[in-house]
Amino acid sequence: MDRGSLDKKFSFKKKNVEENEESRKKRTVLRTNLLFFSAFVLFALIITRLAVLQFVQSEELKGQQQSVNTKNVPLAPSRGTIYDSTGTVKLAYSTPVQSLYVTLSKDYSKRTEKDRKPGEKLLPELNAFAAKLAAKLNELGRNEGEQLNAEEIKKRLDPDYNQYRGFTPRLVKSDLSREEIAYFLEHRTEFPGVEVVEESIRHYDPDRVAVQTIGYMYKFKGARTNRPKYKELYEANSEVLRPTQVYSESETVGYDGLELQYQDELRGKNGYKTVEVNPRSMPEGIESITPPEKGHHLYSTINKEIQQKTEQAIMDQLRWLHTHAVSGKLHQDATTGFAVAMEVETGNIVAMASMPDYDSNVWKSGSTSPSVYDEIQHKMGNGTIKSVPSGKAGPHPESSVLLGSTIKPLSVLIGLKENLFSPGQTYLDTGSAYYGKNRSSRVGNSSGHVYGSLTPSRAIEVSSNTFMVDMIGKPLYGKYGSNAGVHQGIDVWDKYMKEFGLGVPTEVDLPGEWAGRLEYTSKHESALTRLVQASFGQQGKYTAMQLAQYTTVLATKGKRMQPHLVSKIVDDQGNLVREFKPKVLNEVAFSDTYWNTVIRGMATDVKAFNGFPYDYARKTGTSQQLVGRTVKDNGVFIAFAPRQNPKLAVAVIIPEGGFGATSAGPVARKIFDAYDEVYGLDGTPKKPLAAK
């Protein structure tokens, strides 16, 4: 090989070495940079986490650290009062009672058996304690026939923590006698862990005033399984972050009616004891006590005097229907009645009755016996806002019924608004109306009446079914065509119904309101059949509250008022917390001519109103309902008074009561009379001031 070739080969090798060295240096620099960058990111994350811990989560972590050594034991507040509209009658109130609680000083659970010292027998110790406590309670107390034995006491002490934790006081007995209170306060050292605690017990007006509306109390442990509100509270319980809102398992809470609707306002805020605990969660001592805050008070719109007369009127009328034949027939299956009286201008509910009722004081301890529950369960539902059964065996109508002829003022309004006829147009009533293929289906008037020439107003007054079918149901079907089985006429009808409060919640301040059963939306019948039947009061079932709201829309000529049961809420010092003002949910626009045409027609003769000193607008209804194989006649009645300056709207439903004029009408008359005495339908109370 010549020298030139050697030089070239050496030069090539030298170049490769230099390139490799340069590449190695670059890789070293890259790795170094990556290392420093990773270290930077890591330190940034650590600093960020430290900042979050310091500034964001410090209080929470402090609370968690504290909760390892301390626990908060709730102290129940005193529940607020529910007054009637006068502010002097207590419909629901609480009184203080002394209760006996026991906080276990040792862990008696079965799980600690293996940890016990040789010869240590805690279970016999617990048995002896329970027997001693039971004997003394039976000796001193008023047990009203209930004798507490050692086994029952042990069950309430819950040594295996099925209901309570170690540091939680166990309720042994409520409403102690004076002798019991004095003895256990004096002999605390003989009963380790025993303490006498002041609590409250709920009472209801013994006259049984609007019991379903007011509601009742139930133990939180049971309520949280059946009421979504309490289930959410139970799942959100946190003694560390919000101890004033924690619910104890033995606490009683509102379970229905206003008691449930305004639970947060009535309850107040509980206090709590901060208790030191050991690793087994057994109490070691008390660090501090935060007292509870009393609940707010409700002023309801229910007037006790009007309410009682409403309830009595229903029960008197039911007895009358059982003993007096109407059109040769007794109505002994009429065993329930429902009524609502609503002020037209304010929406205030002055009376709402679901009868028969019961004594809600059976729930004052938060529970009742199975035998009592079996007796009252069919009377507990509020039939004025829900569809509740009669409680009798066999098929019977519920509290929400077909409207019958009470729908006819609205039917005529729809016909006028849709230009199906004019206010002065006449119709020849022959007693029958036909529809369907080849006129195969027939609708007749009640009792086969033939009314002859009728104006729209007169058709409402005499309650002509044939007018509603021929002038509204069939023309409404003809005006709106079908498309793939969907008929727009049904949608039009539905829109009007809901604007008047039929088929939607009234938004009354009560839980569990029913929106109605809209049978006209069913596809089981043709659209024509549904519109025809709906025009004279079939195809829709509604509650007394919905009927009352519908009546106020007629009375106000278009304003759907929100029903109210509470006028204001005040704190324990009487300071106003919240005031409820009249609220218009929606308005419907019709010309005054249309309104006047309809209201003029609300003039059906009702004998129960003979001698009534006011001109009033009314509509009777007898809705026929096939139940099983029997046709039932439900009495329905709506009215407002006075006609020209309406103050009060009333709706009454008597399932299986027969004609509305003879079954529901008399109840409505007594409600108007009661309101006139207390408030005055003309603004002047008729009851002498001294008699109040």
# chains A, B, ... in the order shown; residues from 1 in each chain; ligands from 1
>>> residues_around(residues="range 633-639 of chain A", least_positions_apart="6", cutoff="8 Å", atoms="only C-alpha atoms", output="count of residues only")
36
>>> closest_atom_pairs(of="range 345-386 of chain A", to="range 308-326 of chain A", cutoff="8 Å", atoms="only C-alpha atoms", output="Markdown table")
| residue | atom | partner | partner_atom | distance |
| --- | --- | --- | --- | --- |
| A:Ala351 | CA | A:Thr310 | CA | 7.0 |
| A:Met352 | CA | A:Thr310 | CA | 7.8 |
| A:Ala353 | CA | A:Glu311 | CA | 5.8 |
| A:Ser354 | CA | A:Glu311 | CA | 7.8 |
| A:Met355 | CA | A:Glu311 | CA | 6.8 |
| A:Pro356 | CA | A:Met315 | CA | 7.3 |
>>> write_last_selection(atoms="N, CA, C and O atoms", output="tab-separated table (two decimals), in the first residue's frame")
chain	number	residue	atom	x	y	z
A	351	ALA	N	-108.73	26.91	53.41
A	351	ALA	CA	-109.19	25.60	53.89
A	351	ALA	C	-108.91	24.56	52.81
A	351	ALA	O	-109.07	24.83	51.62
A	352	MET	N	-108.46	23.38	53.24
A	352	MET	CA	-108.35	22.24	52.33
A	352	MET	C	-108.55	20.98	53.17
A	352	MET	O	-107.83	20.74	54.14
A	353	ALA	N	-109.55	20.22	52.80
A	353	ALA	CA	-109.96	19.09	53.63
A	353	ALA	C	-109.95	17.81	52.82
A	353	ALA	O	-110.49	17.76	51.71
A	354	SER	N	-109.32	16.79	53.41
A	354	SER	CA	-109.31	15.44	52.85
A	354	SER	C	-109.92	14.54	53.92
A	354	SER	O	-109.27	14.22	54.91
A	355	MET	N	-111.16	14.16	53.71
A	355	MET	CA	-111.91	13.48	54.77
A	355	MET	C	-112.29	12.06	54.36
A	355	MET	O	-112.56	11.80	53.18
A	356	PRO	N	-112.33	11.14	55.35
A	356	PRO	CA	-112.11	11.36	56.78
A	356	PRO	C	-110.63	11.52	57.10
A	356	PRO	O	-109.77	11.14	56.32
>>> closest_atom_pairs(of="range 264-348 of chain A", to="range 194-214 of chain A", cutoff="12 Å", atoms="only C-alpha atoms", output="JSON lines")
{"residue": "A:Leu266", "atom": "CA", "partner": "A:Arg202", "partner_atom": "CA", "distance": 11.8}
{"residue": "A:Arg267", "atom": "CA", "partner": "A:Ser200", "partner_atom": "CA", "distance": 11.4}
{"residue": "A:Asn270", "atom": "CA", "partner": "A:Glu199", "partner_atom": "CA", "distance": 11.4}
{"residue": "A:Pro292", "atom": "CA", "partner": "A:Glu199", "partner_atom": "CA", "distance": 11.1}
{"residue": "A:Lys294", "atom": "CA", "partner": "A:Ser200", "partner_atom": "CA", "distance": 11.2}
{"residue": "A:Gly295", "atom": "CA", "partner": "A:Ser200", "partner_atom": "CA", "distance": 11.9}
{"residue": "A:Leu298", "atom": "CA", "partner": "A:Ile214", "partner_atom": "CA", "distance": 10.8}
{"residue": "A:Tyr299", "atom": "CA", "partner": "A:Ile214", "partner_atom": "CA", "distance": 11.7}
{"residue": "A:Ser300", "atom": "CA", "partner": "A:Ile214", "partner_atom": "CA", "distance": 9.4}
{"residue": "A:Thr301", "atom": "CA", "partner": "A:Thr213", "partner_atom": "CA", "distance": 11.3}
{"residue": "A:Ile302", "atom": "CA", "partner": "A:Ala210", "partner_atom": "CA", "distance": 8.1}
{"residue": "A:Asn303", "atom": "CA", "partner": "A:Val209", "partner_atom": "CA", "distance": 9.3}
{"residue": "A:Lys304", "atom": "CA", "partner": "A:Val209", "partner_atom": "CA", "distance": 6.6}
{"residue": "A:Glu305", "atom": "CA", "partner": "A:Val209", "partner_atom": "CA", "distance": 9.2}
{"residue": "A:Ile306", "atom": "CA", "partner": "A:Val209", "partner_atom": "CA", "distance": 10.0}
{"residue": "A:Gln307", "atom": "CA", "partner": "A:Val209", "partner_atom": "CA", "distance": 6.8}
{"residue": "A:Gln308", "atom": "CA", "partner": "A:Val209", "partner_atom": "CA", "distance": 6.5}
{"residue": "A:Lys309", "atom": "CA", "partner": "A:Val209", "partner_atom": "CA", "distance": 10.2}
{"residue": "A:Thr310", "atom": "CA", "partner": "A:Ala210", "partner_atom": "CA", "distance": 9.9}
{"residue": "A:Glu311", "atom": "CA", "partner": "A:Ala210", "partner_atom": "CA", "distance": 8.4}
{"residue": "A:Gln312", "atom": "CA", "partner": "A:Val209", "partner_atom": "CA", "distance": 10.8}
{"residue": "A:Phe338", "atom": "CA", "partner": "A:Ala210", "partner_atom": "CA", "distance": 11.5}
{"residue": "A:Ala339", "atom": "CA", "partner": "A:Ala210", "partner_atom": "CA", "distance": 11.2}
{"residue": "A:Val340", "atom": "CA", "partner": "A:Ala210", "partner_atom": "CA", "distance": 11.1}
>>> write_last_selection(atoms="C-alpha atoms", output="mmCIF file, in the first residue's frame")
data_model
loop_
_atom_site.group_PDB
_atom_site.id
_atom_site.type_symbol
_atom_site.label_atom_id
_atom_site.label_comp_id
_atom_site.auth_asym_id
_atom_site.auth_seq_id
_atom_site.Cartn_x
_atom_site.Cartn_y
_atom_site.Cartn_z
ATOM 1 C CA LEU A 266 -88.742 24.491 61.073
ATOM 2 C CA ARG A 267 -85.835 22.382 62.294
ATOM 3 C CA ASN A 270 -78.537 21.423 65.967
ATOM 4 C CA PRO A 292 -78.521 24.448 69.152
ATOM 5 C CA LYS A 294 -84.233 27.167 67.507
ATOM 6 C CA GLY A 295 -86.239 26.629 64.336
ATOM 7 C CA LEU A 298 -94.600 29.269 60.031
ATOM 8 C CA TYR A 299 -97.767 31.330 59.699
ATOM 9 C CA SER A 300 -100.074 29.287 57.505
ATOM 10 C CA THR A 301 -102.960 30.606 55.431
ATOM 11 C CA ILE A 302 -105.278 27.945 56.878
ATOM 12 C CA ASN A 303 -107.974 29.503 59.056
ATOM 13 C CA LYS A 304 -108.907 27.054 61.794
ATOM 14 C CA GLU A 305 -112.549 28.123 61.978
ATOM 15 C CA ILE A 306 -113.139 27.847 58.228
ATOM 16 C CA GLN A 307 -111.145 24.621 58.075
ATOM 17 C CA GLN A 308 -113.181 22.967 60.821
ATOM 18 C CA LYS A 309 -116.470 23.969 59.223
ATOM 19 C CA THR A 310 -115.227 22.609 55.894
ATOM 20 C CA GLU A 311 -114.298 19.271 57.447
ATOM 21 C CA GLN A 312 -117.592 19.082 59.331
ATOM 22 C CA PHE A 338 -112.328 16.605 49.310
ATOM 23 C CA ALA A 339 -112.550 20.390 49.256
ATOM 24 C CA VAL A 340 -110.280 23.397 48.658
#
>>> residues_around(residues="range 434-436 of chain A", least_positions_apart="2", cutoff="12 Å", atoms="only C-alpha atoms", output="JSON, numbers by chain")
{"A": [430, 431, 432, 438, 439, 440, 441, 442, 443, 444, 465, 466, 467, 468, 469, 470, 471, 473, 474, 475, 477, 478, 525, 526, 527, 528, 529, 530, 531, 532, 533]}
>>> atom_distance(atom1="CA of Thr593 in chain A", atom2="CA of Ser422 in chain A")
10.0 Å
>>> select_by_dssp(residues="range 159-324 of chain A", states="strand (DSSP E or B)", output="ChimeraX atom specification")
/A:170-173,194-204,217-219,252-254,269,271-277,283-290,293,297-300
>>> residues_around(residues="Ile414 in chain A", least_positions_apart="6", cutoff="12 Å", atoms="only C-alpha atoms", output="PyMOL selection string")
chain A and resi 407-408+420-423+456+468+471-473+475-476+489+492-497+499-500+535+588-591+594-595+598
>>> select_by_dssp(residues="range 369-615 of chain A", states="helix (DSSP H, G or I)", output="MDAnalysis selection string")
chainID A and resid 370:379 404:417 437:439 446:448 456:462 465:479 488:499 519:521 527:535 544:556 592:601 607:609
>>> residues_around(residues="Ile289 in chain A", least_positions_apart="2", cutoff="7 Å", atoms="only C-alpha atoms", output="list of chain:residue names")
A:Tyr272, A:Lys273, A:Thr274, A:Pro291
>>> residues_around(residues="Gly503 in chain A", least_positions_apart="3", cutoff="7 Å", atoms="only C-alpha atoms", output="short mmCIF file (atom, residue, chain, number, x, y, z; two decimals) with C-alpha atoms, in the first residue's frame")
data_model
loop_
_atom_site.label_atom_id
_atom_site.label_comp_id
_atom_site.auth_asym_id
_atom_site.auth_seq_id
_atom_site.Cartn_x
_atom_site.Cartn_y
_atom_site.Cartn_z
CA MET A 497 -106.02 22.50 29.73
CA LYS A 498 -102.56 23.19 31.09
CA ALA A 515 -100.30 16.40 38.01
CA GLY A 516 -103.43 14.52 36.95
CA ARG A 517 -104.20 11.67 34.58
CA LEU A 518 -104.49 12.85 30.96
#
>>> atom_distance(atom1="CA of Glu180 in chain A", atom2="CA of Gly193 in chain A")
15.8 Å
>>> closest_atom_pairs(of="range 570-652 of chain A", to="range 69-91 of chain A", cutoff="10 Å", atoms="only C-alpha atoms", output="Markdown table")
| residue | atom | partner | partner_atom | distance |
| --- | --- | --- | --- | --- |
| A:Val570 | CA | A:Gly80 | CA | 9.4 |
| A:Asp571 | CA | A:Gly80 | CA | 8.5 |
| A:Asp572 | CA | A:Gly80 | CA | 7.8 |
>>> write_last_selection(atoms="N, CA, C and O atoms", output="PDB file, in the first residue's frame")
ATOM      1  N   VAL A 570     -91.070  33.505  60.415  1.00  0.00           N
ATOM      2  CA  VAL A 570     -90.372  34.398  61.335  1.00  0.00           C
ATOM      3  C   VAL A 570     -89.415  33.580  62.192  1.00  0.00           C
ATOM      4  O   VAL A 570     -89.590  32.372  62.367  1.00  0.00           O
ATOM      5  N   ASP A 571     -88.403  34.252  62.734  1.00  0.00           N
ATOM      6  CA  ASP A 571     -87.478  33.558  63.629  1.00  0.00           C
ATOM      7  C   ASP A 571     -88.037  33.544  65.045  1.00  0.00           C
ATOM      8  O   ASP A 571     -89.145  34.048  65.304  1.00  0.00           O
ATOM      9  N   ASP A 572     -87.281  32.996  65.982  1.00  0.00           N
ATOM     10  CA  ASP A 572     -87.792  32.825  67.334  1.00  0.00           C
ATOM     11  C   ASP A 572     -87.994  34.155  68.059  1.00  0.00           C
ATOM     12  O   ASP A 572     -88.721  34.224  69.040  1.00  0.00           O
TER      13      ASP A 572
END
>>> closest_residue(among="A:Val504, A:Ile181, A:Leu648, A:Ala92", to="Asn361 in chain A", atoms="only C-alpha atoms")
A:Ala92
>>> closest_residue(among="A:Arg49, A:Arg178, A:Arg600, A:Arg156", to="Ile460 in chain A", atoms="only C-alpha atoms")
A:Arg600
>>> atom_distance(atom1="CA of Asn445 in chain A", atom2="CA of His487 in chain A")
26.9 Å
